[in-house]
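Source file: query06.tsv. Holds: TSV, C-alpha atoms and all ligand atoms.
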```
chain	number	residue	atom	x	y	z
A	299	MET	CA	0.00	0.00	0.00
A	300	LEU	CA	1.19	3.52	-0.68
A	301	ASN	CA	1.37	5.10	2.75
A	302	PRO	CA	0.67	8.84	3.18
A	303	ARG	CA	4.41	9.71	3.23
A	304	ARG	CA	5.06	7.80	0.01
A	305	ARG	CA	2.03	9.48	-1.46
A	306	ALA	CA	3.51	12.88	-0.49
A	307	VAL	CA	6.77	11.99	-2.28
A	308	LEU	CA	4.78	10.94	-5.36
A	309	ASP	CA	2.72	14.16	-5.23
A	310	ALA	CA	5.97	16.15	-5.20
A	311	LEU	CA	7.34	14.18	-8.17
A	312	VAL	CA	4.12	14.81	-10.12
A	313	GLU	CA	4.65	18.55	-9.55
A	314	GLY	CA	8.15	18.50	-11.08
A	315	PRO	CA	11.81	17.61	-10.40
A	316	VAL	CA	12.47	16.86	-6.73
A	317	ASP	CA	15.60	17.82	-4.84
A	318	PRO	CA	15.76	15.01	-2.25
A	319	ALA	CA	17.34	17.16	0.48
A	320	ALA	CA	14.75	19.94	0.07
A	321	LEU	CA	11.87	17.46	0.01
A	322	ALA	CA	13.23	15.63	3.04
A	323	ASP	CA	13.27	18.98	4.83
A	324	ARG	CA	9.72	19.82	3.79
A	325	LEU	CA	8.34	16.40	4.77
A	326	GLU	CA	10.46	16.29	7.93
A	327	LEU	CA	12.05	13.01	6.86
A	328	PRO	CA	15.70	11.93	6.72
A	329	PRO	CA	16.98	12.26	3.10
A	330	GLU	CA	17.54	8.48	2.90
A	331	ALA	CA	13.83	7.96	3.61
A	332	VAL	CA	12.97	10.05	0.51
A	333	VAL	CA	15.35	7.88	-1.52
A	334	GLY	CA	13.69	4.78	-0.03
A	335	HIS	CA	10.24	5.99	-1.07
A	336	VAL	CA	11.51	6.69	-4.60
A	337	GLU	CA	12.90	3.14	-4.75
A	338	ALA	CA	9.56	1.77	-3.58
A	339	LEU	CA	7.73	3.80	-6.25
A	340	ARG	CA	10.08	2.42	-8.90
A	341	ALA	CA	9.35	-1.11	-7.67
A	342	VAL	CA	5.62	-0.65	-8.38
A	343	GLY	CA	6.15	0.72	-11.90
A	344	PHE	CA	6.92	4.44	-11.65
A	345	ASP	CA	9.80	5.47	-13.89
A	346	VAL	CA	11.85	7.93	-11.81
A	347	GLU	CA	15.19	9.12	-13.14
A	348	ARG	CA	18.07	10.62	-11.21
A	349	THR	CA	19.09	13.86	-12.97
A	350	ALA	CA	21.11	16.96	-12.15
A	351	ALA	CA	17.89	18.48	-10.80
A	352	GLY	CA	17.30	15.56	-8.44
A	353	PHE	CA	14.58	12.99	-9.11
A	354	GLU	CA	12.34	13.35	-12.17
A	355	LEU	CA	9.19	11.39	-12.89
A	356	ARG	CA	9.27	10.14	-16.48
A	357	SER	CA	6.15	7.97	-16.58
A	358	VAL	CA	3.52	6.46	-14.32
A	359	PRO	CA	1.90	2.99	-14.52
A	360	ALA	CA	-1.08	2.94	-16.92
A	361	TYR	CA	-3.28	1.62	-14.10
A	362	GLY	CA	-2.85	0.15	-10.60
A	363	TYR	CA	-0.68	2.50	-8.56
A	364	GLY	CA	-0.82	4.91	-11.51
A	365	VAL	CA	-4.29	5.90	-10.19
A	366	GLN	CA	-2.51	7.61	-7.28
A	367	ALA	CA	-0.47	9.91	-9.53
A	368	GLY	CA	-2.25	13.25	-9.89
A	369	LEU	CA	-5.31	12.03	-7.96
A	370	ASP	CA	-7.17	15.08	-6.68
A	371	ALA	CA	-8.68	13.37	-3.62
A	372	PRO	CA	-7.15	12.37	-0.27
A	373	PHE	CA	-7.29	8.61	-0.84
A	374	VAL	CA	-4.31	6.28	-0.57
A	375	VAL	CA	-4.24	3.53	-3.21
A	376	ASP	CA	-3.63	-0.15	-2.42
A	377	ALA	CA	-3.26	-1.80	-5.86
A	378	HIS	CA	-3.16	-5.53	-6.61
A	379	ASP	CA	-2.88	-7.56	-9.82
A	380	GLU	CA	-5.47	-9.99	-8.54
A	381	LEU	CA	-7.69	-10.33	-5.49
A	382	ALA	CA	-10.63	-12.52	-4.58
A	383	SER	CA	-12.74	-9.40	-3.95
A	384	THR	CA	-11.66	-5.82	-3.37
A	385	ASN	CA	-14.67	-5.40	-1.06
A	386	ASP	CA	-13.48	-8.29	1.13
A	387	GLU	CA	-10.00	-6.77	1.39
A	388	ALA	CA	-11.43	-3.29	2.06
A	389	ARG	CA	-13.73	-4.64	4.79
A	390	GLU	CA	-10.74	-6.16	6.58
A	391	LEU	CA	-8.89	-2.84	6.39
A	392	ALA	CA	-11.99	-1.00	7.63
A	393	GLU	CA	-12.36	-3.35	10.61
A	394	ALA	CA	-8.69	-2.70	11.40
A	395	GLY	CA	-9.39	1.06	11.53
A	396	ALA	CA	-8.37	2.22	8.03
A	397	ALA	CA	-9.93	5.29	6.41
A	398	ASP	CA	-9.65	6.87	2.97
A	399	VAL	CA	-8.04	3.81	1.40
A	400	VAL	CA	-8.84	2.55	-2.09
A	401	VAL	CA	-8.32	-1.15	-2.74
A	402	LEU	CA	-7.99	-1.78	-6.44
A	403	ALA	CA	-7.43	-4.98	-8.42
A	404	ASP	CA	-6.78	-5.66	-12.07
A	405	GLU	CA	-8.98	-8.74	-11.82
A	406	GLN	CA	-11.02	-10.51	-9.16
A	407	THR	CA	-11.46	-14.24	-8.73
A	408	ALA	CA	-14.51	-13.99	-6.47
A	409	GLY	CA	-16.04	-10.59	-7.25
A	410	ARG	CA	-19.36	-10.12	-5.46
A	411	GLY	CA	-22.52	-8.29	-6.50
A	412	ARG	CA	-25.59	-7.46	-4.45
A	413	ARG	CA	-27.46	-10.31	-2.78
A	414	GLY	CA	-24.41	-12.59	-2.94
A	415	ARG	CA	-24.39	-12.73	-6.73
A	416	ARG	CA	-21.15	-13.31	-8.59
A	417	TRP	CA	-19.60	-10.29	-10.31
A	418	ALA	CA	-17.67	-11.29	-13.44
A	419	SER	CA	-14.31	-9.50	-13.15
A	420	PRO	CA	-12.12	-10.19	-16.20
A	421	PRO	CA	-8.92	-8.14	-16.71
A	422	GLY	CA	-9.57	-4.68	-18.12
A	423	GLY	CA	-12.39	-3.74	-15.76
A	424	VAL	CA	-12.28	-1.18	-12.98
A	425	TYR	CA	-12.72	-3.04	-9.69
A	426	LEU	CA	-12.15	-0.91	-6.64
A	427	SER	CA	-13.44	-0.46	-3.10
A	428	VAL	CA	-13.16	2.72	-1.06
A	429	VAL	CA	-13.03	2.68	2.75
A	430	ILE	CA	-14.61	5.77	4.25
A	431	ARG	CA	-15.68	6.83	7.74
A	432	PRO	CA	-18.45	9.32	7.09
A	433	THR	CA	-20.37	11.30	9.67
A	434	LEU	CA	-23.75	9.82	8.84
A	435	SER	CA	-26.66	8.30	10.72
A	436	ALA	CA	-27.33	4.61	10.04
A	437	ALA	CA	-30.80	5.55	8.71
A	438	ARG	CA	-29.16	7.43	5.84
A	439	VAL	CA	-26.47	4.90	4.94
A	440	GLY	CA	-28.39	3.94	1.77
A	441	LEU	CA	-27.65	7.40	0.36
A	442	LEU	CA	-24.00	6.43	-0.07
A	443	VAL	CA	-25.05	4.05	-2.86
A	444	HIS	CA	-26.77	6.92	-4.66
A	445	ALA	CA	-23.75	9.20	-4.23
A	446	ALA	CA	-21.45	6.44	-5.54
A	447	ALA	CA	-23.78	5.71	-8.46
A	448	VAL	CA	-23.62	9.37	-9.53
A	449	ALA	CA	-19.82	9.26	-9.19
A	450	ALA	CA	-19.87	6.17	-11.42
A	451	VAL	CA	-21.88	8.06	-14.06
A	452	GLU	CA	-19.19	10.76	-13.95
A	453	ALA	CA	-16.48	8.11	-14.30
A	454	ALA	CA	-18.21	6.77	-17.42
A	455	ALA	CA	-18.47	10.35	-18.74
A	456	ALA	CA	-14.67	10.67	-18.37
A	457	ALA	CA	-14.46	7.91	-21.01
A	458	GLY	CA	-17.04	9.68	-23.19
A	459	VAL	CA	-19.96	7.40	-22.26
A	460	ASP	CA	-23.38	8.72	-21.30
A	461	ALA	CA	-24.52	6.30	-18.58
A	462	THR	CA	-27.75	6.19	-16.59
A	463	ILE	CA	-28.71	4.61	-13.24
A	464	LYS	CA	-31.20	1.85	-12.52
A	465	TRP	CA	-32.36	2.07	-8.91
A	466	PRO	CA	-30.56	1.69	-6.68
A	467	ASN	CA	-27.06	0.80	-7.85
A	468	ASP	CA	-26.87	-0.34	-11.48
A	469	LEU	CA	-25.07	1.62	-14.14
A	470	LEU	CA	-26.55	1.24	-17.62
A	471	GLY	CA	-24.98	2.01	-20.97
A	472	PRO	CA	-26.76	4.10	-23.64
A	473	ASP	CA	-28.54	0.96	-24.95
A	474	GLY	CA	-29.77	-0.02	-21.46
A	475	ALA	CA	-27.26	-2.89	-21.04
A	476	LYS	CA	-25.48	-3.23	-17.71
A	477	LEU	CA	-22.22	-1.31	-17.59
A	478	GLY	CA	-21.42	-1.53	-13.90
A	479	GLY	CA	-22.68	-1.49	-10.36
A	480	VAL	CA	-21.98	-0.37	-6.81
A	481	LEU	CA	-21.79	-2.66	-3.78
A	482	ALA	CA	-22.03	-0.74	-0.51
A	483	GLU	CA	-21.31	-2.45	2.80
A	484	SER	CA	-21.05	-0.86	6.21
A	485	ARG	CA	-20.84	-1.27	9.94
A	486	THR	CA	-23.03	0.86	12.13
A	487	THR	CA	-22.57	1.48	15.85
A	488	ASP	CA	-25.06	3.26	18.11
A	489	GLY	CA	-27.12	4.46	15.16
A	490	GLU	CA	-24.12	5.95	13.34
A	491	VAL	CA	-22.06	4.66	10.40
A	492	ALA	CA	-18.67	3.50	11.74
A	493	TRP	CA	-17.29	2.66	8.31
A	494	ALA	CA	-18.56	2.10	4.80
A	495	VAL	CA	-16.97	0.27	1.89
A	496	LEU	CA	-18.14	1.45	-1.51
A	497	GLY	CA	-17.24	-1.06	-4.21
A	498	LEU	CA	-17.34	-0.10	-7.88
A	499	GLY	CA	-17.36	-2.64	-10.67
A	500	LEU	CA	-17.21	-0.99	-14.07
A	501	ASN	CA	-16.84	-2.86	-17.34
A	502	ALA	CA	-14.23	-0.54	-18.76
A	503	ASP	CA	-11.55	-1.74	-21.16
A	504	VAL	CA	-13.20	-5.15	-21.57
A	505	ASP	CA	-14.29	-6.87	-24.75
A	506	SER	CA	-18.04	-7.56	-24.60
A	507	GLY	CA	-17.26	-11.23	-25.41
A	508	ALA	CA	-15.65	-11.53	-21.96
A	509	LEU	CA	-18.83	-10.31	-20.21
A	510	PRO	CA	-22.06	-12.06	-19.21
A	511	PRO	CA	-25.02	-11.79	-21.62
A	512	GLY	CA	-26.83	-8.45	-21.33
A	513	ALA	CA	-23.71	-6.59	-20.17
A	514	THR	CA	-21.75	-3.96	-22.04
A	515	SER	CA	-18.49	-2.09	-21.49
A	516	LEU	CA	-17.08	1.39	-21.99
A	517	ARG	CA	-14.90	-0.08	-24.76
A	518	ALA	CA	-17.89	-1.71	-26.49
A	519	VAL	CA	-19.78	1.62	-26.40
A	520	THR	CA	-16.93	3.86	-27.58
A	521	GLY	CA	-15.28	1.35	-29.91
A	522	GLY	CA	-11.83	2.34	-28.61
A	523	ALA	CA	-9.35	1.71	-25.80
A	524	VAL	CA	-10.32	3.10	-22.39
A	525	ASP	CA	-7.98	4.97	-20.04
A	526	ARG	CA	-8.86	3.13	-16.81
A	527	ARG	CA	-6.60	5.35	-14.78
A	528	ARG	CA	-8.60	8.44	-15.77
A	529	VAL	CA	-11.90	6.59	-15.22
A	530	ALA	CA	-10.92	5.45	-11.71
A	531	GLN	CA	-9.62	8.92	-10.83
A	532	ALA	CA	-12.85	10.55	-12.03
A	533	PHE	CA	-14.86	8.19	-9.80
A	534	LEU	CA	-12.70	8.84	-6.74
A	535	GLU	CA	-12.62	12.61	-7.21
A	536	SER	CA	-16.39	12.76	-7.61
A	537	LEU	CA	-16.98	10.42	-4.67
A	538	ASP	CA	-14.71	12.52	-2.48
A	539	GLU	CA	-16.93	15.55	-3.15
A	540	ARG	CA	-20.17	13.63	-2.73
A	541	ARG	CA	-19.41	11.62	0.43
A	542	ARG	CA	-19.48	14.76	2.57
A	543	ASP	CA	-23.14	15.36	1.73
A	544	PRO	CA	-24.63	12.18	0.23
A	545	ALA	CA	-28.19	13.64	0.20
A	546	GLY	CA	-26.81	16.47	-1.95
A	547	SER	CA	-26.33	13.91	-4.75
A	548	LEU	CA	-30.04	13.12	-5.00
A	549	PRO	CA	-30.84	15.84	-7.57
A	550	ALA	CA	-28.01	14.54	-9.81
A	551	TRP	CA	-29.19	10.97	-9.17
A	552	ARG	CA	-32.74	11.91	-10.28
A	553	GLU	CA	-31.36	13.57	-13.42
A	554	ARG	CA	-29.43	10.45	-14.39
A	555	ALA	CA	-32.06	7.89	-13.28
A	556	ALA	CA	-33.36	5.57	-15.98
A	557	THR	CA	-35.88	4.18	-13.45
A	558	LEU	CA	-37.97	7.28	-12.71
A	559	GLY	CA	-41.09	7.51	-14.83
A	560	ARG	CA	-40.81	3.81	-15.76
A	561	ARG	CA	-43.08	0.90	-14.96
A	562	VAL	CA	-41.10	-1.33	-12.62
A	563	ARG	CA	-41.28	-4.56	-10.71
A	564	VAL	CA	-39.28	-4.42	-7.48
A	565	THR	CA	-38.67	-7.76	-5.83
A	566	THR	CA	-38.53	-7.09	-2.11
A	567	PRO	CA	-38.25	-9.36	0.94
A	568	ASP	CA	-42.01	-8.68	1.44
A	569	GLY	CA	-43.06	-9.55	-2.11
A	570	ASP	CA	-43.19	-7.83	-5.48
A	571	VAL	CA	-44.11	-4.18	-5.92
A	572	VAL	CA	-45.34	-3.34	-9.42
A	573	GLY	CA	-46.19	0.16	-10.63
A	574	LYS	CA	-44.72	3.42	-11.86
A	575	ALA	CA	-41.50	4.61	-10.20
A	576	VAL	CA	-42.17	8.26	-9.42
A	577	ASP	CA	-39.30	9.46	-7.22
A	578	VAL	CA	-36.81	8.67	-4.46
A	579	ASP	CA	-37.26	10.05	-0.95
A	580	GLU	CA	-34.65	11.75	1.25
A	581	THR	CA	-33.20	8.34	2.28
A	582	GLY	CA	-32.90	7.13	-1.33
A	583	ALA	CA	-35.90	4.75	-1.08
A	584	LEU	CA	-37.89	4.29	-4.30
A	585	LEU	CA	-41.46	5.63	-4.37
A	586	VAL	CA	-43.73	3.52	-6.56
A	587	ARG	CA	-47.31	4.35	-7.55
A	588	THR	CA	-49.15	1.01	-7.64
A	589	ASP	CA	-52.80	0.20	-8.40
A	590	ALA	CA	-53.25	-0.30	-4.66
A	591	GLY	CA	-51.70	3.07	-3.75
A	592	PRO	CA	-48.22	4.54	-3.15
A	593	ARG	CA	-45.43	2.27	-1.88
A	594	ARG	CA	-42.00	3.11	-0.52
A	595	VAL	CA	-39.28	0.53	-1.20
A	596	SER	CA	-35.90	0.75	0.47
A	597	VAL	CA	-34.47	-2.68	-0.44
A	598	GLY	CA	-35.05	-4.79	-3.51
A	599	ASP	CA	-34.19	-5.79	-7.04
A	600	CYS	CA	-35.68	-3.50	-9.65
A	601	GLU	CA	-36.71	-4.58	-13.12
A	602	HIS	CA	-37.78	-2.08	-15.78
A	603	LEU	CA	-41.02	-3.25	-17.45
A	604	ARG	CA	-42.46	-2.35	-20.82
A	605	PRO	CA	-45.24	0.27	-20.59
A	606	VAL	CA	-48.74	-1.26	-20.60
B	701	LIG	C1	-23.99	-5.14	-8.34
B	701	LIG	O1	-24.38	-4.69	-9.42
B	701	LIG	O2	-24.58	-6.08	-7.78
B	701	LIG	C2	-22.79	-4.51	-7.70
B	701	LIG	C3	-21.50	-5.05	-8.26
B	701	LIG	C4	-20.29	-4.49	-7.57
B	701	LIG	C5	-19.02	-5.18	-7.99
B	701	LIG	C6	-17.82	-4.54	-7.38
B	701	LIG	S1	-16.33	-4.97	-8.21
B	701	LIG	C7	-15.38	-4.22	-6.95
B	701	LIG	C8	-16.04	-4.60	-5.64
B	701	LIG	N1	-15.56	-5.89	-5.19
B	701	LIG	C9	-16.52	-6.83	-5.21
B	701	LIG	O3	-16.38	-8.01	-4.89
B	701	LIG	N2	-17.67	-6.28	-5.61
B	701	LIG	C10	-17.53	-4.86	-5.91
```

Can you dump the structure from the file as structure tokens?
Amino acid sequence: MLNPRRRAVLDALVEGPVDPAALADRLELPPEAVVGHVEALRAVGFDVERTAAGFELRSVPAYGYGVQAGLDAPFVVDAHDELASTNDEARELAEAGAADVVVLADEQTAGRGRRGRRWASPPGGVYLSVVIRPTLSAARVGLLVHAAAVAAVEAAAAAGVDATIKWPNDLLGPDGAKLGGVLAESRTTDGEVAWAVLGLGLNADVDSGALPPGATSLRAVTGGAVDRRRVAQAFLESLDERRRDPAGSLPAWRERAATLGRRVRVTTPDGDVVGKAVDVDETGALLVRTDAGPRRVSVGDCEHLRPV
């Protein structure tokens, strides 16, 4: 994992040539520690050259730890080639007290979706989980999914794709096929959120042949290669803004919602709710106008139906 000090050294390198003695002074580190951090950055793929000016950053990894370089959000990246599930890893870190960490993997062997479903995670996708410790009551924890879904729309936009949201957490491509999703998990204590893990799975630079039927990818939509580093950064930067006021993302969620105004069937633990989805309330629950009257649904699987 890039620790905050290593991140500070990387931030300095991104700004321009680094004089190790001056940086050591600024970061209140011994000069050999700066050299050690540079070595560690090289070991994970950063090309740092020693020049007359000091250290100069020549190139950053195309993905993985490259997401940290130039990231305009206070997260520290923990990048892996392969993990079972970034959410599992992030949950462990959260339980151990971590905050503002992003666990990222190039592929997952046991990626999870909502309700214990499998999440196909071939190489080329964006699979990441963010550990946050928001100041938020447990009753409003569901809003984090909406905030993350809007951030995911903005991540797709960074690749030139106009995505929409199916309540509560699905990201759809322009043709309505599934492009990605958000898996939010949390621990609450005394009515407050202690930690939340927001997992994003986005079919990014993936050939549609590698995806389950009915799914699409940013690459399939644009017809070209996708800069996953930029996509992941756009998600994290947007999420960083939105996590401070998750309810503030509801207007943007409504604007991007494919569900509102549609006939839906929501499969809930208490049975199916069928009707027209009219809005979301201040907790993110879906409001459905049914033949038997209005219903409010906070948990469930939503299916868009053809109009009758
Ligand atoms: C869904 O649509 O059900 C949500 C899918 C979320 C998948 C992501 S991939 C990164 C993170 N790690 C996981 O195991 N799941 C989430």

CA of Thr566 in chain A to atom N1 of ligand LIG 701 (chain B): how many Å, to one decimal?
-> 23.2 Å

Please write out the residues within 8 Å of ligand LIG 701 (chain B) as a PyMOL selection string, counting all atoms listed in the file.
-> chain A and resi 382-386+402+406+408-413+415+417+419+424-427+467-469+478-481+496-500

Hey, which bits of range 303-342 of chain A sit within 10 Å of range 361-377 of chain A, and for each residue what's the closest pair of atoms and how far apart in Å (one decimal), counting all atoms listed in the file, rows by chain and increasing number, as JSON lines?
```
{"residue": "A:Arg304", "atom": "CA", "partner": "A:Val374", "partner_atom": "CA", "distance": 9.5}
{"residue": "A:Arg305", "atom": "CA", "partner": "A:Val374", "partner_atom": "CA", "distance": 7.2}
{"residue": "A:Leu308", "atom": "CA", "partner": "A:Ala367", "partner_atom": "CA", "distance": 6.8}
{"residue": "A:Asp309", "atom": "CA", "partner": "A:Ala367", "partner_atom": "CA", "distance": 6.8}
{"residue": "A:Ala310", "atom": "CA", "partner": "A:Gly368", "partner_atom": "CA", "distance": 9.9}
{"residue": "A:Leu311", "atom": "CA", "partner": "A:Ala367", "partner_atom": "CA", "distance": 9.0}
{"residue": "A:Val312", "atom": "CA", "partner": "A:Gly368", "partner_atom": "CA", "distance": 6.6}
{"residue": "A:Glu313", "atom": "CA", "partner": "A:Gly368", "partner_atom": "CA", "distance": 8.7}
{"residue": "A:Leu339", "atom": "CA", "partner": "A:Tyr363", "partner_atom": "CA", "distance": 8.8}
{"residue": "A:Val342", "atom": "CA", "partner": "A:Tyr363", "partner_atom": "CA", "distance": 7.0}
```

Distance query Val504 in chain A at most 12 Å, all atoms listed in the file, self and fewer than 4 positions along chain excluded, as a ChimeraX atom specification = /A:404-405,418-424,477-478,499-500,508-510,513-526

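Selecting by distance to (-12.0, -3.2, 1.1) with a limit of 7 Å and using all atoms listed in the file, one obtains Thr384, Asn385, Asp386, Glu387, Ala388, Arg389, Glu390, Leu391, Ala392, Val401, Ser427, Val428, Val429 and Val495 of chain A.
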
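Residue nearest Trp493 in chain A within the list A:Val562, A:Ile430, A:Val399, A:Ala456: A:Ile430 [criterion: smallest interatomic distance, only C-alpha atoms].
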
Do a neighbour search on Val346 in chain A at 10 Å with only C-alpha atoms, toss out local chain neighbours closer than 3 positions, and write the hits as a PyMOL selection string.
-> chain A and resi 311+315+336-337+339-340+343+349+352-358

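CA of Val597 in chain A lies 11.1 Å from CA of Gly569 in chain A.
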
Centre and size of axis-aligned box enclosing range 484-494 of chain A plus 3 Å each side, as lines of an AutoDock Vina configuration file:
```
center_x = -22.2
center_y = 2.3
center_z = 11.5
size_x = 15.8
size_y = 13.2
size_z = 19.3
```

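Here CA of Ala555 in chain A and CA of Thr486 in chain A stand 27.9 Å from one another.
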
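By chain and then residue number, the residues within 8 Å of Arg594 in chain A are Ala583, Leu584, Leu585 and Val586 of chain A, counting all atoms listed in the file and disregarding those fewer than 5 positions away in sequence.
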
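Taking all atoms listed in the file into account, Glu393 in chain A lies nearest to A:Ala492 out of the set A:Val529, A:Ala492, A:Ala331, A:Leu537.
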
Of the candidates A:Glu483, A:Arg528, A:Glu380, A:Gly474, which one gets nearest to Ala453 in chain A if we count all atoms listed in the file?
-> A:Arg528

Identify, on the basis of all atoms listed in the file, every residue whose closest approach to Val571 in chain A does not exceed 12 Å; exclude the query and any residue fewer than 2 positions from it along the same chain; express the result as an mmCIF file with C-alpha atoms, in the frame of the given file.
```cif
data_model
loop_
_atom_site.group_PDB
_atom_site.id
_atom_site.type_symbol
_atom_site.label_atom_id
_atom_site.label_comp_id
_atom_site.auth_asym_id
_atom_site.auth_seq_id
_atom_site.Cartn_x
_atom_site.Cartn_y
_atom_site.Cartn_z
ATOM 1 C CA ARG A 561 -43.080 0.900 -14.960
ATOM 2 C CA VAL A 562 -41.100 -1.330 -12.620
ATOM 3 C CA ARG A 563 -41.280 -4.560 -10.710
ATOM 4 C CA VAL A 564 -39.280 -4.420 -7.480
ATOM 5 C CA THR A 565 -38.670 -7.760 -5.830
ATOM 6 C CA THR A 566 -38.530 -7.090 -2.110
ATOM 7 C CA PRO A 567 -38.250 -9.360 0.940
ATOM 8 C CA ASP A 568 -42.010 -8.680 1.440
ATOM 9 C CA GLY A 569 -43.060 -9.550 -2.110
ATOM 10 C CA GLY A 573 -46.190 0.160 -10.630
ATOM 11 C CA LYS A 574 -44.720 3.420 -11.860
ATOM 12 C CA ALA A 575 -41.500 4.610 -10.200
ATOM 13 C CA LEU A 584 -37.890 4.290 -4.300
ATOM 14 C CA LEU A 585 -41.460 5.630 -4.370
ATOM 15 C CA VAL A 586 -43.730 3.520 -6.560
ATOM 16 C CA ARG A 587 -47.310 4.350 -7.550
ATOM 17 C CA THR A 588 -49.150 1.010 -7.640
ATOM 18 C CA ASP A 589 -52.800 0.200 -8.400
ATOM 19 C CA ALA A 590 -53.250 -0.300 -4.660
ATOM 20 C CA GLY A 591 -51.700 3.070 -3.750
ATOM 21 C CA PRO A 592 -48.220 4.540 -3.150
ATOM 22 C CA ARG A 593 -45.430 2.270 -1.880
ATOM 23 C CA ARG A 594 -42.000 3.110 -0.520
ATOM 24 C CA VAL A 595 -39.280 0.530 -1.200
ATOM 25 C CA SER A 596 -35.900 0.750 0.470
ATOM 26 C CA VAL A 597 -34.470 -2.680 -0.440
ATOM 27 C CA GLY A 598 -35.050 -4.790 -3.510
ATOM 28 C CA ASP A 599 -34.190 -5.790 -7.040
ATOM 29 C CA CYS A 600 -35.680 -3.500 -9.650
ATOM 30 C CA GLU A 601 -36.710 -4.580 -13.120
ATOM 31 C CA HIS A 602 -37.780 -2.080 -15.780
ATOM 32 C CA LEU A 603 -41.020 -3.250 -17.450
#
```

In terms of the shortest atom-to-atom distance over all atoms listed in the file, which of A:Thr581, A:Thr433, A:Asn301, A:Ser547 is closest to Glu490 in chain A?
-> A:Thr433

Select range 462-467 of chain A in the preceding structure and write all heavy atoms to a file as an mmCIF file, in the first residue's frame.
```
data_model
loop_
_atom_site.group_PDB
_atom_site.id
_atom_site.type_symbol
_atom_site.label_atom_id
_atom_site.label_comp_id
_atom_site.auth_asym_id
_atom_site.auth_seq_id
_atom_site.Cartn_x
_atom_site.Cartn_y
_atom_site.Cartn_z
ATOM 1 N N THR A 462 -26.611 5.867 -17.449
ATOM 2 C CA THR A 462 -27.748 6.194 -16.587
ATOM 3 C C THR A 462 -27.764 5.196 -15.417
ATOM 4 O O THR A 462 -26.998 4.228 -15.402
ATOM 5 C CB THR A 462 -29.085 6.129 -17.350
ATOM 6 O OG1 THR A 462 -29.209 4.835 -17.934
ATOM 7 C CG2 THR A 462 -29.174 7.212 -18.407
ATOM 8 N N ILE A 463 -28.673 5.434 -14.470
ATOM 9 C CA ILE A 463 -28.712 4.612 -13.244
ATOM 10 C C ILE A 463 -30.051 3.899 -13.143
ATOM 11 O O ILE A 463 -31.105 4.524 -13.300
ATOM 12 C CB ILE A 463 -28.522 5.496 -11.991
ATOM 13 C CG1 ILE A 463 -27.239 6.320 -12.085
ATOM 14 C CG2 ILE A 463 -28.512 4.631 -10.726
ATOM 15 C CD1 ILE A 463 -27.161 7.475 -11.083
ATOM 16 N N LYS A 464 -29.985 2.608 -12.869
ATOM 17 C CA LYS A 464 -31.200 1.853 -12.522
ATOM 18 C C LYS A 464 -31.191 1.700 -11.017
ATOM 19 O O LYS A 464 -30.191 1.247 -10.456
ATOM 20 C CB LYS A 464 -31.193 0.489 -13.221
ATOM 21 C CG LYS A 464 -32.415 -0.366 -12.891
ATOM 22 C CD LYS A 464 -32.647 -1.426 -13.951
ATOM 23 C CE LYS A 464 -31.734 -2.623 -13.785
ATOM 24 N NZ LYS A 464 -32.134 -3.543 -12.712
ATOM 25 N N TRP A 465 -32.301 2.112 -10.386
ATOM 26 C CA TRP A 465 -32.359 2.074 -8.913
ATOM 27 C C TRP A 465 -32.033 0.693 -8.387
ATOM 28 O O TRP A 465 -32.527 -0.286 -8.922
ATOM 29 C CB TRP A 465 -33.775 2.458 -8.455
ATOM 30 C CG TRP A 465 -33.907 2.530 -6.960
ATOM 31 C CD1 TRP A 465 -33.676 3.616 -6.178
ATOM 32 C CD2 TRP A 465 -34.319 1.477 -6.079
ATOM 33 N NE1 TRP A 465 -33.901 3.301 -4.861
ATOM 34 C CE2 TRP A 465 -34.293 1.985 -4.770
ATOM 35 C CE3 TRP A 465 -34.685 0.137 -6.268
ATOM 36 C CZ2 TRP A 465 -34.631 1.225 -3.656
ATOM 37 C CZ3 TRP A 465 -35.014 -0.630 -5.160
ATOM 38 C CH2 TRP A 465 -34.996 -0.090 -3.867
ATOM 39 N N PRO A 466 -31.226 0.567 -7.337
ATOM 40 C CA PRO A 466 -30.558 1.692 -6.681
ATOM 41 C C PRO A 466 -29.111 1.873 -7.148
ATOM 42 O O PRO A 466 -28.552 2.937 -6.979
ATOM 43 C CB PRO A 466 -30.551 1.256 -5.211
ATOM 44 C CG PRO A 466 -30.435 -0.246 -5.280
ATOM 45 C CD PRO A 466 -31.144 -0.676 -6.552
ATOM 46 N N ASN A 467 -28.521 0.791 -7.750
ATOM 47 C CA ASN A 467 -27.059 0.800 -7.852
ATOM 48 C C ASN A 467 -26.501 0.377 -9.203
ATOM 49 O O ASN A 467 -25.303 0.170 -9.324
ATOM 50 C CB ASN A 467 -26.483 -0.163 -6.796
ATOM 51 C CG ASN A 467 -26.793 -1.611 -7.161
ATOM 52 O OD1 ASN A 467 -27.857 -1.887 -7.706
ATOM 53 N ND2 ASN A 467 -25.877 -2.505 -6.902
#
```
